[in-house]
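What's in protein-v4.pdb: PDB, C-alpha atoms
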ATOM      1  CA  MET Z 244     -38.202 -20.430 -41.670
ATOM      2  CA  LYS Z 245     -34.433 -20.843 -41.563
ATOM      3  CA  ASN Z 246     -34.467 -20.505 -37.775
ATOM      4  CA  PHE Z 247     -37.216 -23.068 -37.527
ATOM      5  CA  LYS Z 248     -35.172 -25.566 -39.553
ATOM      6  CA  GLU Z 249     -32.077 -24.883 -37.471
ATOM      7  CA  ASP Z 250     -34.015 -25.395 -34.249
ATOM      8  CA  ARG Z 251     -35.347 -28.669 -35.567
ATOM      9  CA  LEU Z 252     -31.854 -29.770 -36.524
ATOM     10  CA  GLN Z 253     -30.528 -28.769 -33.099
ATOM     11  CA  LYS Z 254     -33.239 -30.748 -31.324
ATOM     12  CA  LYS Z 255     -32.554 -33.876 -33.368
ATOM     13  CA  LEU Z 256     -28.809 -33.654 -32.855
ATOM     14  CA  ALA Z 257     -29.172 -32.938 -29.126
ATOM     15  CA  ALA Z 258     -31.480 -35.939 -28.728
ATOM     16  CA  ALA Z 259     -28.883 -38.169 -30.408
ATOM     17  CA  TYR Z 260     -26.150 -36.622 -28.282
ATOM     18  CA  PHE Z 261     -27.973 -37.319 -25.004
ATOM     19  CA  GLU Z 262     -28.534 -40.932 -26.078
ATOM     20  CA  LYS Z 263     -24.842 -41.512 -25.384
ATOM     21  CA  GLU Z 264     -25.588 -41.168 -21.667
ATOM     22  CA  ASN Z 265     -27.331 -44.535 -21.706
ATOM     23  CA  ILE Z 266     -24.229 -46.539 -22.536
ATOM     24  CA  LYS Z 267     -23.379 -48.911 -19.686
ATOM     25  CA  VAL Z 268     -19.977 -48.692 -18.026
ATOM     26  CA  GLY Z 269     -18.667 -51.097 -15.380
ATOM     27  CA  GLN Z 270     -17.526 -50.130 -11.886
ATOM     28  CA  ARG Z 271     -14.181 -51.942 -11.798
ATOM     29  CA  TRP Z 272     -12.308 -48.742 -12.439
ATOM     30  CA  HIS Z 273     -13.274 -47.610  -8.900
ATOM     31  CA  GLU Z 274     -10.841 -50.152  -7.465
ATOM     32  CA  GLU Z 275      -8.070 -48.994  -9.776
ATOM     33  CA  VAL Z 276      -8.568 -45.360  -8.726
ATOM     34  CA  MET Z 277      -8.444 -46.268  -5.037
ATOM     35  CA  SER Z 278      -5.412 -48.521  -5.411
ATOM     36  CA  HIS Z 279      -3.624 -45.755  -7.335
ATOM     37  CA  ILE Z 280      -4.514 -43.224  -4.642
ATOM     38  CA  ARG Z 281      -3.356 -45.524  -1.837
ATOM     39  CA  GLY Z 282      -0.084 -46.019  -3.698
ATOM     40  CA  LEU Z 283       0.638 -42.311  -3.891
ATOM     41  CA  THR Z 284       3.267 -41.023  -1.499
ATOM     42  CA  PRO Z 285       1.954 -38.873   1.352
ATOM     43  CA  GLY Z 286       2.170 -35.172   0.627
ATOM     44  CA  VAL Z 287       1.355 -35.637  -3.038
ATOM     45  CA  LEU Z 288      -1.688 -33.387  -2.695
ATOM     46  CA  GLU Z 289      -1.234 -29.992  -4.304
ATOM     47  CA  SER Z 290      -1.452 -27.296  -1.732
ATOM     48  CA  ASN Z 291      -2.247 -23.624  -1.657
ATOM     49  CA  ASP Z 292      -1.207 -23.316   1.969
ATOM     50  CA  PRO Z 293       0.940 -20.128   2.296
ATOM     51  CA  SER Z 294       2.834 -21.548   5.284
ATOM     52  CA  LEU Z 295       4.404 -24.156   2.963
ATOM     53  CA  PHE Z 296       5.737 -21.353   0.783
ATOM     54  CA  ASN Z 297       7.311 -19.764   3.856
ATOM     55  CA  GLN Z 298       8.973 -23.077   4.730
ATOM     56  CA  VAL Z 299      10.535 -23.280   1.255
ATOM     57  CA  VAL Z 300      11.740 -19.678   1.508
ATOM     58  CA  ARG Z 301      13.365 -20.352   4.893
ATOM     59  CA  ARG Z 302      15.011 -23.536   3.680
ATOM     60  CA  PHE Z 303      16.722 -21.783   0.783
ATOM     61  CA  ALA Z 304      17.372 -18.462   2.514
ATOM     62  CA  VAL Z 305      20.897 -19.396   3.684
ATOM     63  CA  ALA Z 306      21.891 -20.682   0.253
ATOM     64  CA  ALA Z 307      20.454 -17.553  -1.414
ATOM     65  CA  CYS Z 308      22.416 -15.260   0.942
ATOM     66  CA  PHE Z 309      25.607 -17.214   0.327
ATOM     67  CA  PHE Z 310      25.085 -16.971  -3.425
ATOM     68  CA  ALA Z 311      24.461 -13.227  -3.179
ATOM     69  CA  VAL Z 312      27.762 -12.731  -1.284
ATOM     70  CA  ILE Z 313      29.673 -14.667  -3.963
ATOM     71  CA  LEU Z 314      28.058 -12.617  -6.745
ATOM     72  CA  PHE Z 315      28.864  -9.404  -4.912
ATOM     73  CA  ALA Z 316      32.506 -10.445  -4.490
ATOM     74  CA  TYR Z 317      32.687 -11.356  -8.169
ATOM     75  CA  ALA Z 318      31.163  -8.030  -9.181
ATOM     76  CA  ILE Z 319      33.723  -6.129  -7.083
ATOM     77  CA  GLN Z 320      36.577  -8.114  -8.590
ATOM     78  CA  ALA Z 321      35.384  -7.938 -12.207
ATOM     79  CA  GLY Z 322      34.322  -4.329 -12.052
ATOM     80  CA  LEU Z 323      30.785  -3.021 -11.811
ATOM     81  CA  ASN Z 324      30.545  -2.077 -15.473
ATOM     82  CA  LEU Z 325      30.401  -5.745 -16.579
ATOM     83  CA  GLU Z 326      26.853  -5.473 -17.951
ATOM     84  CA  TYR Z 327      27.880  -2.629 -20.213
ATOM     85  CA  GLU Z 328      30.826  -4.630 -21.540
ATOM     86  CA  VAL Z 329      28.704  -7.692 -22.216
ATOM     87  CA  ALA Z 330      26.208  -5.575 -24.159
ATOM     88  CA  GLU Z 331      29.034  -4.015 -26.136
ATOM     89  CA  VAL Z 332      30.494  -7.398 -27.108
ATOM     90  CA  PHE Z 333      27.062  -8.600 -28.146
ATOM     91  CA  ILE Z 334      26.370  -5.564 -30.335
ATOM     92  CA  GLU Z 335      29.788  -5.794 -31.996
ATOM     93  CA  ASN Z 336      29.462  -9.404 -33.011
ATOM     94  CA  PRO Z 337      26.122 -11.032 -32.184
ATOM     95  CA  ALA Z 338      26.871 -14.158 -34.257
ATOM     96  CA  GLU Z 339      29.840 -15.214 -32.147
ATOM     97  CA  PHE Z 340      28.557 -13.936 -28.821
ATOM     98  CA  ASP Z 341      29.323 -16.458 -26.130
ATOM     99  CA  LEU Z 342      28.292 -15.679 -22.559
ATOM    100  CA  ALA Z 343      30.294 -18.600 -21.161
ATOM    101  CA  ARG Z 344      33.531 -17.231 -22.654
ATOM    102  CA  ILE Z 345      32.933 -13.763 -21.213
ATOM    103  CA  PHE Z 346      32.677 -15.207 -17.741
ATOM    104  CA  GLY Z 347      35.789 -17.274 -18.384
ATOM    105  CA  LEU Z 348      33.926 -20.581 -18.180
ATOM    106  CA  ASN Z 349      34.865 -21.784 -21.657
TER     107      ASN Z 349
ATOM    108  CA  MET M   2     -20.539 -27.892  -0.618
ATOM    109  CA  THR M   3     -22.627 -30.220   1.535
ATOM    110  CA  GLN M   4     -21.505 -30.884   5.082
ATOM    111  CA  PHE M   5     -20.819 -34.505   4.174
ATOM    112  CA  ASP M   6     -18.562 -33.521   1.268
ATOM    113  CA  ALA M   7     -16.772 -30.921   3.370
ATOM    114  CA  GLU M   8     -16.084 -33.466   6.090
ATOM    115  CA  ILE M   9     -14.757 -36.038   3.613
ATOM    116  CA  VAL M  10     -12.554 -33.441   1.912
ATOM    117  CA  ARG M  11     -11.157 -32.419   5.287
ATOM    118  CA  ARG M  12     -10.395 -36.042   6.187
ATOM    119  CA  VAL M  13      -8.657 -36.713   2.860
ATOM    120  CA  ILE M  14      -6.528 -33.582   3.164
ATOM    121  CA  ASN M  15      -5.539 -34.691   6.656
ATOM    122  CA  GLY M  16      -4.194 -37.945   5.244
ATOM    123  CA  ASP M  17      -7.165 -40.348   5.298
ATOM    124  CA  SER M  18      -6.975 -41.323   1.621
ATOM    125  CA  ASP M  19      -9.535 -44.138   2.102
ATOM    126  CA  ALA M  20     -12.199 -41.526   2.812
ATOM    127  CA  PHE M  21     -11.945 -40.470  -0.818
ATOM    128  CA  GLU M  22     -13.851 -43.627  -1.740
ATOM    129  CA  HIS M  23     -17.036 -41.982  -0.398
ATOM    130  CA  LEU M  24     -16.667 -39.155  -2.894
ATOM    131  CA  LEU M  25     -15.787 -41.595  -5.651
ATOM    132  CA  THR M  26     -18.937 -43.637  -5.011
ATOM    133  CA  LYS M  27     -21.154 -40.606  -4.638
ATOM    134  CA  TYR M  28     -20.039 -38.785  -7.782
ATOM    135  CA  SER M  29     -18.919 -41.530 -10.180
ATOM    136  CA  ASP M  30     -22.269 -41.595 -12.016
ATOM    137  CA  HIS M  31     -22.194 -37.841 -12.404
ATOM    138  CA  VAL M  32     -18.675 -37.910 -13.865
ATOM    139  CA  LEU M  33     -19.482 -40.856 -16.126
ATOM    140  CA  LYS M  34     -22.508 -39.001 -17.470
ATOM    141  CA  ILE M  35     -20.247 -36.140 -18.531
ATOM    142  CA  LEU M  36     -17.556 -38.361 -20.009
ATOM    143  CA  LYS M  37     -19.946 -40.589 -21.948
ATOM    144  CA  LYS M  38     -21.279 -37.587 -23.816
ATOM    145  CA  HIS M  39     -17.927 -36.041 -24.650
ATOM    146  CA  LEU M  40     -15.701 -39.048 -25.304
ATOM    147  CA  PRO M  41     -15.641 -42.228 -27.392
ATOM    148  CA  TYR M  42     -17.030 -45.154 -25.395
ATOM    149  CA  GLN M  43     -13.686 -46.973 -25.110
ATOM    150  CA  GLN M  44     -12.077 -43.931 -23.446
ATOM    151  CA  VAL M  45     -14.677 -43.417 -20.724
ATOM    152  CA  GLU M  46     -13.364 -45.722 -17.974
ATOM    153  CA  GLU M  47      -9.751 -44.693 -18.362
ATOM    154  CA  THR M  48     -10.622 -41.000 -18.359
ATOM    155  CA  ALA M  49     -12.880 -41.434 -15.323
ATOM    156  CA  GLN M  50      -9.838 -42.721 -13.437
ATOM    157  CA  VAL M  51      -7.786 -39.735 -14.570
ATOM    158  CA  VAL M  52     -10.531 -37.330 -13.449
ATOM    159  CA  PHE M  53     -10.767 -38.758  -9.926
ATOM    160  CA  ILE M  54      -7.004 -38.974  -9.481
ATOM    161  CA  LYS M  55      -6.683 -35.344 -10.609
ATOM    162  CA  ALA M  56      -9.466 -34.384  -8.198
ATOM    163  CA  TYR M  57      -7.743 -36.234  -5.359
ATOM    164  CA  ARG M  58      -4.435 -34.509  -5.977
ATOM    165  CA  SER M  59      -6.034 -31.067  -6.252
ATOM    166  CA  LEU M  60      -8.367 -31.354  -3.258
ATOM    167  CA  PRO M  61      -6.494 -28.754  -1.170
ATOM    168  CA  THR M  62      -7.039 -26.179  -3.929
ATOM    169  CA  LEU M  63     -10.826 -26.556  -3.588
ATOM    170  CA  LYS M  64     -12.019 -23.450  -1.832
ATOM    171  CA  SER M  65     -13.969 -24.299   1.284
ATOM    172  CA  ARG M  66     -17.085 -22.543   0.062
ATOM    173  CA  GLY M  67     -16.855 -24.059  -3.422
ATOM    174  CA  ASN M  68     -19.295 -26.623  -4.710
ATOM    175  CA  PHE M  69     -17.530 -29.991  -4.942
ATOM    176  CA  LYS M  70     -19.834 -31.337  -7.639
ATOM    177  CA  HIS M  71     -19.342 -28.299  -9.836
ATOM    178  CA  TRP M  72     -15.602 -28.336  -9.237
ATOM    179  CA  LEU M  73     -15.450 -32.020 -10.185
ATOM    180  CA  SER M  74     -17.552 -31.373 -13.322
ATOM    181  CA  SER M  75     -15.073 -28.727 -14.355
ATOM    182  CA  ILE M  76     -12.169 -31.178 -13.943
ATOM    183  CA  ALA M  77     -14.081 -33.744 -16.023
ATOM    184  CA  VAL M  78     -14.836 -31.264 -18.815
ATOM    185  CA  LYS M  79     -11.261 -29.974 -18.889
ATOM    186  CA  THR M  80      -9.946 -33.547 -19.023
ATOM    187  CA  CYS M  81     -12.198 -34.246 -22.017
ATOM    188  CA  TYR M  82     -10.880 -31.108 -23.677
ATOM    189  CA  ASP M  83      -7.279 -32.252 -23.052
ATOM    190  CA  PHE M  84      -8.130 -35.609 -24.605
ATOM    191  CA  TRP M  85      -9.489 -34.012 -27.783
ATOM    192  CA  ARG M  86      -6.615 -31.574 -27.968
ATOM    193  CA  LYS M  87      -4.154 -34.493 -28.039
ATOM    194  CA  GLN M  88      -6.336 -36.345 -30.526
ATOM    195  CA  TYR M  89      -6.599 -33.323 -32.785
ATOM    196  CA  ARG M  90      -2.789 -33.118 -33.073
ATOM    197  CA  ASN M  91      -2.561 -36.736 -34.246
ATOM    198  CA  ARG M  92      -5.843 -36.939 -36.059
ATOM    199  CA  GLU M  93      -6.203 -38.898 -39.246
ATOM    200  CA  PHE M  94      -9.331 -38.685 -41.291
ATOM    201  CA  THR M  95     -10.551 -42.052 -42.338
ATOM    202  CA  MET M  96     -12.579 -42.374 -45.481
ATOM    203  CA  SER M  97     -16.082 -41.149 -44.861
ATOM    204  CA  SER M  98     -18.255 -43.940 -43.566
ATOM    205  CA  LEU M  99     -21.408 -41.982 -44.227
ATOM    206  CA  THR M 100     -23.978 -43.665 -46.357
ATOM    207  CA  GLU M 101     -26.947 -42.563 -48.399
ATOM    208  CA  LYS M 102     -29.045 -42.853 -45.253
ATOM    209  CA  HIS M 103     -27.008 -40.171 -43.486
ATOM    210  CA  ARG M 104     -27.247 -37.826 -46.436
ATOM    211  CA  ASP M 105     -30.964 -38.483 -46.709
ATOM    212  CA  TRP M 106     -31.332 -37.595 -43.059
ATOM    213  CA  VAL M 107     -29.708 -34.186 -43.578
ATOM    214  CA  GLU M 108     -31.739 -33.625 -46.716
ATOM    215  CA  THR M 109     -34.984 -34.402 -44.972
ATOM    216  CA  ILE M 110     -34.303 -32.384 -41.856
ATOM    217  CA  MET M 111     -33.311 -29.407 -43.961
ATOM    218  CA  SER M 112     -36.421 -29.734 -46.068
ATOM    219  CA  ASP M 113     -40.028 -29.484 -44.971
ATOM    220  CA  GLN M 114     -40.547 -33.220 -44.745
ATOM    221  CA  SER M 115     -39.130 -33.669 -41.264
ATOM    222  CA  SER M 116     -42.433 -35.044 -40.018
ATOM    223  CA  ARG M 117     -41.401 -38.148 -41.947
ATOM    224  CA  LEU M 118     -38.649 -38.652 -39.386
ATOM    225  CA  GLU M 119     -40.705 -38.111 -36.271
ATOM    226  CA  HIS M 120     -41.471 -41.766 -35.675
ATOM    227  CA  GLU M 121     -38.409 -43.282 -37.222
ATOM    228  CA  LYS M 122     -36.505 -44.409 -34.149
ATOM    229  CA  THR M 123     -34.180 -46.440 -36.307
ATOM    230  CA  LEU M 124     -32.688 -43.239 -37.671
ATOM    231  CA  GLN M 125     -31.356 -42.321 -34.239
ATOM    232  CA  LYS M 126     -28.249 -44.402 -34.964
ATOM    233  CA  GLU M 127     -27.650 -42.543 -38.221
ATOM    234  CA  THR M 128     -28.104 -39.222 -36.443
ATOM    235  CA  ARG M 129     -25.485 -40.161 -33.873
ATOM    236  CA  GLU M 130     -23.042 -41.278 -36.539
ATOM    237  CA  LEU M 131     -23.624 -38.110 -38.489
ATOM    238  CA  LEU M 132     -23.082 -36.005 -35.381
ATOM    239  CA  ASP M 133     -19.837 -37.855 -34.562
ATOM    240  CA  TRP M 134     -18.692 -37.398 -38.147
ATOM    241  CA  ALA M 135     -19.291 -33.649 -37.978
ATOM    242  CA  LEU M 136     -17.756 -33.258 -34.494
ATOM    243  CA  ASP M 137     -14.636 -35.114 -35.642
ATOM    244  CA  ARG M 138     -14.078 -32.359 -38.154
ATOM    245  CA  LEU M 139     -14.010 -29.610 -35.554
ATOM    246  CA  SER M 140     -11.066 -28.502 -33.432
ATOM    247  CA  ALA M 141     -11.010 -29.517 -29.768
ATOM    248  CA  ARG M 142     -12.083 -26.024 -28.684
ATOM    249  CA  ASP M 143     -14.960 -25.789 -31.153
ATOM    250  CA  LYS M 144     -16.080 -29.300 -30.349
ATOM    251  CA  MET M 145     -16.219 -28.733 -26.581
ATOM    252  CA  VAL M 146     -18.044 -25.427 -26.852
ATOM    253  CA  LEU M 147     -20.509 -26.791 -29.388
ATOM    254  CA  GLU M 148     -21.281 -29.785 -27.197
ATOM    255  CA  LEU M 149     -21.731 -27.747 -24.031
ATOM    256  CA  VAL M 150     -23.690 -24.804 -25.420
ATOM    257  CA  TYR M 151     -25.436 -26.029 -28.563
ATOM    258  CA  LEU M 152     -26.135 -29.635 -27.635
ATOM    259  CA  GLU M 153     -26.322 -29.651 -23.828
ATOM    260  CA  GLY M 154     -27.890 -26.223 -23.464
ATOM    261  CA  PHE M 155     -25.467 -24.703 -20.954
ATOM    262  CA  SER M 156     -25.396 -20.930 -20.882
ATOM    263  CA  ILE M 157     -22.269 -19.192 -22.183
ATOM    264  CA  LYS M 158     -21.318 -18.291 -18.610
ATOM    265  CA  GLU M 159     -21.758 -21.849 -17.332
ATOM    266  CA  ALA M 160     -19.718 -23.266 -20.215
ATOM    267  CA  ALA M 161     -16.988 -20.685 -19.570
ATOM    268  CA  GLU M 162     -16.836 -21.715 -15.916
ATOM    269  CA  LEU M 163     -16.647 -25.410 -16.769
ATOM    270  CA  LEU M 164     -13.879 -24.899 -19.310
ATOM    271  CA  GLY M 165     -12.070 -22.222 -17.323
ATOM    272  CA  TRP M 166     -12.165 -19.830 -20.298
ATOM    273  CA  SER M 167     -13.369 -16.254 -20.591
ATOM    274  CA  VAL M 168     -17.040 -15.598 -21.401
ATOM    275  CA  ALA M 169     -16.040 -13.658 -24.540
ATOM    276  CA  ASN M 170     -13.956 -16.570 -25.807
ATOM    277  CA  VAL M 171     -16.804 -19.053 -25.333
ATOM    278  CA  LYS M 172     -19.267 -16.665 -26.975
ATOM    279  CA  ILE M 173     -17.159 -16.303 -30.106
ATOM    280  CA  ARG M 174     -16.337 -20.019 -30.237
ATOM    281  CA  SER M 175     -19.976 -20.905 -29.807
ATOM    282  CA  PHE M 176     -21.016 -18.782 -32.765
ATOM    283  CA  ARG M 177     -18.199 -20.058 -35.000
ATOM    284  CA  SER M 178     -18.588 -23.712 -34.128
ATOM    285  CA  ARG M 179     -22.334 -23.636 -34.745
ATOM    286  CA  LYS M 180     -21.699 -22.048 -38.114
ATOM    287  CA  LYS M 181     -19.087 -24.683 -38.965
ATOM    288  CA  LEU M 182     -21.457 -27.499 -38.038
ATOM    289  CA  HIS M 183     -24.242 -26.118 -40.219
ATOM    290  CA  GLN M 184     -21.736 -25.628 -43.020
ATOM    291  CA  LEU M 185     -20.521 -29.222 -42.777
ATOM    292  CA  LEU M 186     -24.047 -30.580 -42.895
ATOM    293  CA  ALA M 187     -25.015 -28.269 -45.730
ATOM    294  CA  GLU M 188     -21.965 -29.382 -47.738
ATOM    295  CA  LEU M 189     -22.907 -32.972 -47.151
ATOM    296  CA  SER M 190     -26.380 -32.283 -48.397
ATOM    297  CA  GLU M 191     -25.036 -30.431 -51.441
ATOM    298  CA  SER M 192     -22.628 -33.248 -52.311
ATOM    299  CA  GLU M 193     -25.639 -35.542 -52.438
ATOM    300  CA  GLU M 194     -27.350 -33.210 -54.878
ATOM    301  CA  ASN M 195     -24.230 -33.167 -57.055
ATOM    302  CA  ILE M 196     -24.125 -36.947 -57.158
ATOM    303  CA  ILE M 197     -27.719 -37.018 -58.307
TER     304      ILE M 197
END
Please rewrite the model in this file as structure tokens.
Amino acid sequence: MKNFKEDRLQKKLAAAYFEKENIKVGQRWHEEVMSHIRGLTPGVLESNDPSLFNQVVRRFAVAACFFAVILFAYAIQAGLNLEYEVAEVFIENPAEFDLARIFGLN
Amino acid sequence: MTQFDAEIVRRVINGDSDAFEHLLTKYSDHVLKILKKHLPYQQVEETAQVVFIKAYRSLPTLKSRGNFKHWLSSIAVKTCYDFWRKQYRNREFTMSSLTEKHRDWVETIMSDQSSRLEHEKTLQKETRELLDWALDRLSARDKMVLELVYLEGFSIKEAAELLGWSVANVKIRSFRSRKKLHQLLAELSESEENII
């Protein structure tokens, strides 16, 4: 009996819900969509083309290599046990831990 | 995807943005049908624009063998969900605008006298208002799942595909949201009894 009542309720609610489909909407928004699309810069389309990823990698490859050389030089100069020292400073006094100061930037 | 759709998609991706108008004309009624059911009337046009612009921008991600209509439906449903999610964060409950008529409707449908309502077309308006009232009290997730599964009759799997959620998530949400809806209507009916 309970199921029967619930089915009846569902049918009534669904009928009211589908009534909303009959509301009239104008077509002027079509023009706005097309004018927006025409105004978009070329290349705005999202892409899943893997060749574009390769292009980005190539573009930044030189900069990445340069950055790696600088980091390597810094690591040689500062000593290779820097990570251990940073961890030690942090454990000793976490409240006043300042990464910028450790690297001498502050 | 039909050959026509595939050709248009290819042209748009290759830079012919005007070709998109063919897809817009062909599928605007389909998208509007979805939006009219899920959104307040005054939001339909604006959201339809958002849906087609999103579709345009994401065209290259449409897999060649995918169904354009289904893909577009999914964008429309997800956009509706985003709308309700934003609304839910800023929601404000106004004083209940439900009248005796709405409460009577619940009472009658829950009792054995529903045949009384069979020919009462005028009550359709009350039913819609009552449904909107109840849906407003659900979270965006519950609302979307309830509308798709309980009211539109999509299968759990279809609803999960449209929303981009897991089947298990939709299954649980569907059960909970249905329960919440029945609870809301039952409470409404009980409050009427208390008044009497």
Which one is closest to Lys102 of chain M: M:Glu162, M:Asp83, M:Glu127, M:Asp19? Count only C-alpha atoms.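 Between M:Glu162, M:Asp83, M:Glu127, M:Asp19, the residue approaching Lys102 of chain M most closely is M:Glu127.
Closest approach to Asp6 of chain M among M:Phe53, M:Tyr42, M:Phe176, M:Phe69: M:Phe69, based on all atoms listed in the file.
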Extract, using only C-alpha atoms, all DNA, RNA and protein residues at most 10 Å from Arg271 of chain Z, discarding same-chain residues fewer than 4 positions from it, and format them as a list of chain:residue names. Z:Glu275, Z:Val276, M:Glu46
Output check: residues returned by the PyMOL selection byres ((chain M) within 8 of (chain Z)), as number ranges by chain: M: 14, 16, 18-19, 21-22, 25-26, 34-35, 37-38, 42, 45-47, 49-50, 53-54, 57-62, 110-112, 125-126, 128-129, 132, 151-153
Atom CA of Leu136 of chain M to atom CA of Ile76 of chain M measures 21.4 Å
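One finds atom CA of Val78 of chain M at 25.0 Å from atom CA of Glu8 of chain M.
Interatomic distance, atom CA of Trp72 of chain M to atom CA of Val32 of chain M: 11.1 Å.
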Closest of M:Ser167, M:Gln184, M:Ser156, M:Thr3 to Asn68 of chain M - atom-to-atom distances counting all atoms listed in the file: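 Comparing M:Ser167, M:Gln184, M:Ser156, M:Thr3 against Asn68 of chain M, the winner is M:Thr3.
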